[in-house]
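Notes follow once the structure below has been shown.
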Amino acid sequence: MTEAFDLLARPIQKWIRGQGWSQLRDIQVRAIRAVTGDNNDIIISASTAGGKTEAAFFPLISQVLGDEEPQSGFDILYIGPLKALISDQARRLSDICEEIGLPVVPWHGDISSSVKTKARKNPAGIVLITPESLEALFVRRGAEIPRLFSTTKAIVIDELHTMLGTERGMQLQSLMTRIELSTGRHIRRIGLSATLGDMELAKAALRPDAASQVHLIEAKGGEAELRLQLRGYLEGNTDEGVPSPTNAIAEHLFKHLRGSDNLIFAGSRQRVEIYADRLRRKCESERFPQEFFAHHANIAKEQRQFIEKRLKDGQLPTSAICTSTLELGIDIGDVSSVAQIGAPFSVASLRQRLGRSGRRQGQPAVLRQYAIESMLDSKAHIADRLRLGTMRAIAMIDLLLENWCEPPRLGALHLSTLVHQTLSVIASSGGARANTLHSVLCVKGPFRSVDPPLFGEVLRAMGSEENALIEQSSNGLLLLGEKGEKLVEHYSFFAVFQTSEEYRLIADGKELGTIPVDSLLAPGMMIIFSGRRWSVREVRDTERVIIVTASAGGVPPIFGGDPGIIHDKVVERMFDLLEGKAVPVYLDEAARQLLAEARLSYMQLAFEKRGLSHQGESTHLVFTRRGTIATNSLALALRGSGFKVEVHDGLLEVSGADRAENLSDYLQTLANGDSPDLFVADTNLRFEKFDHVLTDALLQRNVLTSRLDSDCLADMAKTILDSFSPS
DNA sequence: GACCTGCTGCGGTTTG
């Protein structure tokens, strides 16, 4: 083997030989050199099943084995986003470490407390933990942190992309900084991922102070051949014998997927239920055994694990109709194909989904994309005439083929998580001064855009009479207030993300899953859940339990959700497509037709006036050609000035102004640099777990860094006016 | 116009 192999400890070499591997993979060779060479941080980027875990751990374990005298403390800290992933990885690492005698400790909510107590009393080896369990260690056992991590060589962060630019990612960054501060040691960080949109941003997020020092190890090539098709379907055809798009797509899935393992991403939990119900009934009527199953976050854990196991075993053909639950790293083996119903919300997630197929040598990855549009008549809506859903699906596939995916959105204030971490630091240390908190969290920690005056405002909000989360002692020390103590004491404190209240659905004494409390159900109503039909017998409000029995009819519950954020680049590509002539080869006949119709509609609009187009008496179209954040920001500005606005991908439908001049006059004031008030209407500004603590002024500043952008308005208005002005 | 993720300590009972 190579000289990299020689850098590994004997027991690791022996294990590799024992596996019968003839050679190490390229990223493994490069990772071994990087880990052994210096103590810098590292990002290892390779496709799923590309050998990233081994690439990081072979040399790290070798270093641990090279230590002369083992000291008390965990040698390697692994952070994973999912309990299931941690259990998978612990199994793989145990296999390597068993003979060596290095402990491997999975640590999350499903691990018994005796295992954790034992590991805490005698810390050694590799600990694999969730951000939340690490948080719990800080809050409940703050004094033990220096001892537990005094000898830790590295922190390995799996699925790094899930942690970038999110509340949970800020929490993790904060905890990593706090480990370094409390042990007084610099600990190298190693991030693993398959879908990082921008390596420079990923480096900056991994180590804000020394991004340029981060080694980048990217796998080259090795991508499976991709076979793809985009199929178009029309809704609203009342002719006899023409199936609805849902039925036609279910038929197509049944015909092509039955007999093999597949993932069908349906886009929402409600649509998962609809397709699962259709496909189950299809199996029944054709007298085939059941092989299509619904899989989403509200379905009971036992049922989800049953489906995951069926997929992994590969014994019985299994197709899961799912949401993003089956998108991340948990081990379900290789699937024959991936289906996507409706356009996804990001290219990154499409790529992650596609990575589930074509993992075996010589097997292609297969993607079937289904697009549903409405039939057009003279009153058809502009979003339908431009076939925006189909345009987005094509734009996303286009960008996927170019190997592009969304970069993380860094630079937001994340004030909700700042509130959380402030409580956490005070809880774990018993009390802290304001300047210490600012230094730990905002200077050394991740909340870098929060200056002392802003932090002071956050502290005052937390200490307000109403919130009473913190209070100041006579000597200036900040302590937990009455409500703060209560909050931190409960285990629900450890997660930084928001969750909603739910009812449990019970049939024959067995839990089927949960549904949101706001989906109004009463006895006698019929629902579809877990792909089957049920009738509600009893609603027990105090226990939050709903008893159901099998039934013949039903409709899926409404699960609710946040609107997704589409990146600027995707919308730009959609409009390039509308203006272009090329027809992608992977479109079926119906999809070609949709593209042709969209281009014709766009040309007719553009013929009048590009950018700002007249629609009937008092309705105008404003083409922003930008993603969700910029387009929503302009929509709020217009609403604040009395216009009525409907928002679509890259365009606004504006009414309420009698003449186009009013609209263009207003856009002119924006182009001149006038900054409008985006918050005149009673816009909802509370999205995250601790947003309720913040004042309106803080919420507005927060939202302007995460979901809105007022700085882009002037340029956007200029561009729109330029394309509008008569030539 | 969407999706996902996570959770301690203690008291009681049973078993060797």
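Labels for the structure tokens follow display order: chains A, B, ..., residues from 1 in each chain, ligands from 1.
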Residues near segment 4-16 of chain B, cut-off 8 Å, only C-alpha atoms (C1' of nucleotides), skip fewer than 6 positions along chain, as a PDB file with C-alpha atoms, in the first residue's frame:
```
ATOM      1  CA  PRO A  81     -27.101  15.489  14.065  1.00  0.00           C
ATOM      2  CA  LEU A  82     -29.208  12.310  14.465  1.00  0.00           C
ATOM      3  CA  GLY A 109     -31.326  10.471  24.725  1.00  0.00           C
ATOM      4  CA  THR A 130     -25.695  15.096  19.784  1.00  0.00           C
ATOM      5  CA  GLU A 132     -28.387  18.604  22.708  1.00  0.00           C
ATOM      6  CA  SER A 133     -26.754  15.985  24.936  1.00  0.00           C
ATOM      7  CA  ALA A 136     -27.127  18.971  28.807  1.00  0.00           C
ATOM      8  CA  ALA A 297     -41.571  12.862  11.198  1.00  0.00           C
ATOM      9  CA  SER A 324     -36.651  14.807   4.192  1.00  0.00           C
ATOM     10  CA  THR A 325     -36.639  12.160   6.955  1.00  0.00           C
ATOM     11  CA  HIS A 490     -36.546  21.214  32.439  1.00  0.00           C
ATOM     12  CA  TYR A 491     -35.015  18.901  29.865  1.00  0.00           C
ATOM     13  CA  SER A 492     -36.874  20.623  27.055  1.00  0.00           C
ATOM     14  CA  PHE A 493     -34.334  23.448  27.393  1.00  0.00           C
ATOM     15  CA  PHE A 494     -31.472  21.600  25.652  1.00  0.00           C
ATOM     16  CA  ALA A 495     -32.709  21.880  22.059  1.00  0.00           C
TER      17      ALA A 495
END
```
Extract the full set of strand (DSSP E or B) residues from segment 71-204 of chain A according to DSSP on the backbone, and format it as a PyMOL selection string. chain A and resi 76-79+104-107+126-129+154-157+188-193
Report as a PyMOL selection string all protein, DNA and RNA residues lying within 10 Å of Pro59 of chain A, evaluated on only C-alpha atoms (C1' of nucleotides), omitting residues in the same chain fewer than 5 positions from it. chain A and resi 4-5+7-9+12+28-29+31-36+54+64-65
Write the selection just made, keeping C-alpha atoms, as a PDB file, in the first residue's frame?
```pdb
ATOM      1  CA  ALA A   4      -0.013   6.977   4.074  1.00  0.00           C
ATOM      2  CA  PHE A   5      -0.760   3.436   5.204  1.00  0.00           C
ATOM      3  CA  LEU A   7       1.599   6.435   8.976  1.00  0.00           C
ATOM      4  CA  LEU A   8      -1.201   4.459  10.663  1.00  0.00           C
ATOM      5  CA  ALA A   9      -0.832   2.585  13.924  1.00  0.00           C
ATOM      6  CA  ILE A  12      -5.379  -0.034  12.367  1.00  0.00           C
ATOM      7  CA  GLN A  28      -8.351   8.615   3.014  1.00  0.00           C
ATOM      8  CA  VAL A  29      -4.751   8.924   1.883  1.00  0.00           C
ATOM      9  CA  ALA A  31      -6.792  12.846   5.203  1.00  0.00           C
ATOM     10  CA  ILE A  32      -4.152  10.628   6.826  1.00  0.00           C
ATOM     11  CA  ARG A  33      -1.428  12.991   5.583  1.00  0.00           C
ATOM     12  CA  ALA A  34      -3.329  16.078   6.747  1.00  0.00           C
ATOM     13  CA  VAL A  35      -4.180  14.756  10.207  1.00  0.00           C
ATOM     14  CA  THR A  36      -0.657  13.451  10.768  1.00  0.00           C
ATOM     15  CA  GLU A  54     -12.670   6.167   8.123  1.00  0.00           C
ATOM     16  CA  VAL A  64      -4.479   8.189  20.313  1.00  0.00           C
ATOM     17  CA  LEU A  65      -2.691   4.825  20.260  1.00  0.00           C
TER      18      LEU A  65
END
```
Surrounding residues of Ile372 of chain A excluding itself and chain neighbours under 3 positions, 8 Å, only C-alpha atoms (C1' of nucleotides), as a short mmCIF file (atom, residue, chain, number, x, y, z; two decimals) with N, CA and C atoms, in the first residue's frame:
```
data_model
loop_
_atom_site.label_atom_id
_atom_site.label_comp_id
_atom_site.auth_asym_id
_atom_site.auth_seq_id
_atom_site.Cartn_x
_atom_site.Cartn_y
_atom_site.Cartn_z
N GLY A 232 -44.23 15.73 -17.18
CA GLY A 232 -45.24 16.75 -16.94
C GLY A 232 -46.64 16.16 -16.82
N TYR A 233 -47.47 16.75 -15.95
CA TYR A 233 -48.86 16.30 -15.77
C TYR A 233 -49.77 17.52 -15.67
N LEU A 234 -50.99 17.38 -16.22
CA LEU A 234 -51.94 18.50 -16.20
C LEU A 234 -53.11 18.22 -15.27
N GLU A 235 -53.43 19.24 -14.49
CA GLU A 235 -54.52 19.17 -13.54
C GLU A 235 -55.72 19.92 -14.12
N PRO A 245 -53.75 14.05 -12.07
CA PRO A 245 -52.29 13.89 -12.01
C PRO A 245 -51.88 12.96 -10.87
N GLY A 342 -43.13 17.17 -7.57
CA GLY A 342 -43.09 18.62 -7.40
C GLY A 342 -41.64 19.07 -7.23
N GLY A 389 -43.63 26.12 -11.33
CA GLY A 389 -43.17 24.91 -10.65
C GLY A 389 -42.26 24.08 -11.55
N THR A 390 -42.67 23.94 -12.80
CA THR A 390 -41.87 23.17 -13.74
C THR A 390 -40.54 23.88 -14.04
#
```
Taking 4 positions as the minimum chain separation for residues in the same chain, which residues sit within 12 Å of DC3 of chain B when counting only C-alpha atoms (C1' of nucleotides)? Answer as a list of chain:residue names.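 The residues that qualify are A:Phe265, A:Ala266, A:Gly267, A:Ser268, A:Arg269, A:Gln270, A:Val272, A:His296, A:Ala297, A:Asn298, A:Cys322, A:Thr323, A:Ser324, A:Thr325, A:Leu326, A:Glu327, A:Leu328, A:Pro344, A:Phe345, A:Ser346, A:Ser349, A:Phe559, A:Gly560, A:Gly561, A:Asp562, A:Pro563, A:Gly564, A:Ile565.
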Would you list the contacts of segment 688-692 of chain A as number ranges by chain, taking every protein, DNA or RNA residue within 7 Å and counting only C-alpha atoms (C1' of nucleotides), but skipping same-chain residues closer than 2 positions in sequence? A: 416, 419, 496-498, 686, 694
Compile the contact shell of Gln700 of chain A as a PDB file with C-alpha atoms, in the first residue's frame: residues with an atom at most 12 Å away, counting only C-alpha atoms (C1' of nucleotides), same-chain residues fewer than 5 positions apart removed.
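Contents of out_7.pdb, freshly written:
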```pdb
ATOM      1  CA  LEU A 413     -27.797  37.510  14.374  1.00  0.00           C
ATOM      2  CA  HIS A 414     -29.548  34.346  15.676  1.00  0.00           C
ATOM      3  CA  LEU A 415     -30.755  36.246  18.754  1.00  0.00           C
ATOM      4  CA  ASP A 677     -40.336  50.714   6.761  1.00  0.00           C
ATOM      5  CA  LEU A 678     -40.826  47.010   6.136  1.00  0.00           C
ATOM      6  CA  PHE A 679     -42.727  46.456   9.360  1.00  0.00           C
ATOM      7  CA  VAL A 680     -45.790  48.675   9.135  1.00  0.00           C
ATOM      8  CA  ASP A 682     -48.597  43.369  11.646  1.00  0.00           C
ATOM      9  CA  THR A 683     -46.019  41.045  10.105  1.00  0.00           C
ATOM     10  CA  ASN A 684     -45.142  37.982  12.159  1.00  0.00           C
ATOM     11  CA  LEU A 685     -41.560  38.276  13.338  1.00  0.00           C
ATOM     12  CA  ARG A 686     -41.417  35.355  15.747  1.00  0.00           C
ATOM     13  CA  PHE A 687     -40.057  32.149  14.250  1.00  0.00           C
ATOM     14  CA  ASP A 691     -38.047  34.950  19.927  1.00  0.00           C
ATOM     15  CA  LEU A 694     -37.212  39.729  22.380  1.00  0.00           C
ATOM     16  CA  THR A 695     -38.599  43.235  21.898  1.00  0.00           C
ATOM     17  CA  THR A 705     -30.375  39.471   8.917  1.00  0.00           C
ATOM     18  CA  SER A 706     -32.153  36.158   8.372  1.00  0.00           C
ATOM     19  CA  ARG A 707     -35.384  36.333   6.369  1.00  0.00           C
ATOM     20  CA  LEU A 708     -35.434  39.803   4.831  1.00  0.00           C
ATOM     21  CA  ASP A 709     -32.909  42.113   3.180  1.00  0.00           C
ATOM     22  CA  SER A 710     -33.508  45.857   3.022  1.00  0.00           C
TER      23      SER A 710
END
```
Do you have the atom CA of Thr152 of chain A-atom CA of Gly431 of chain A distance handy? 26.5 Å
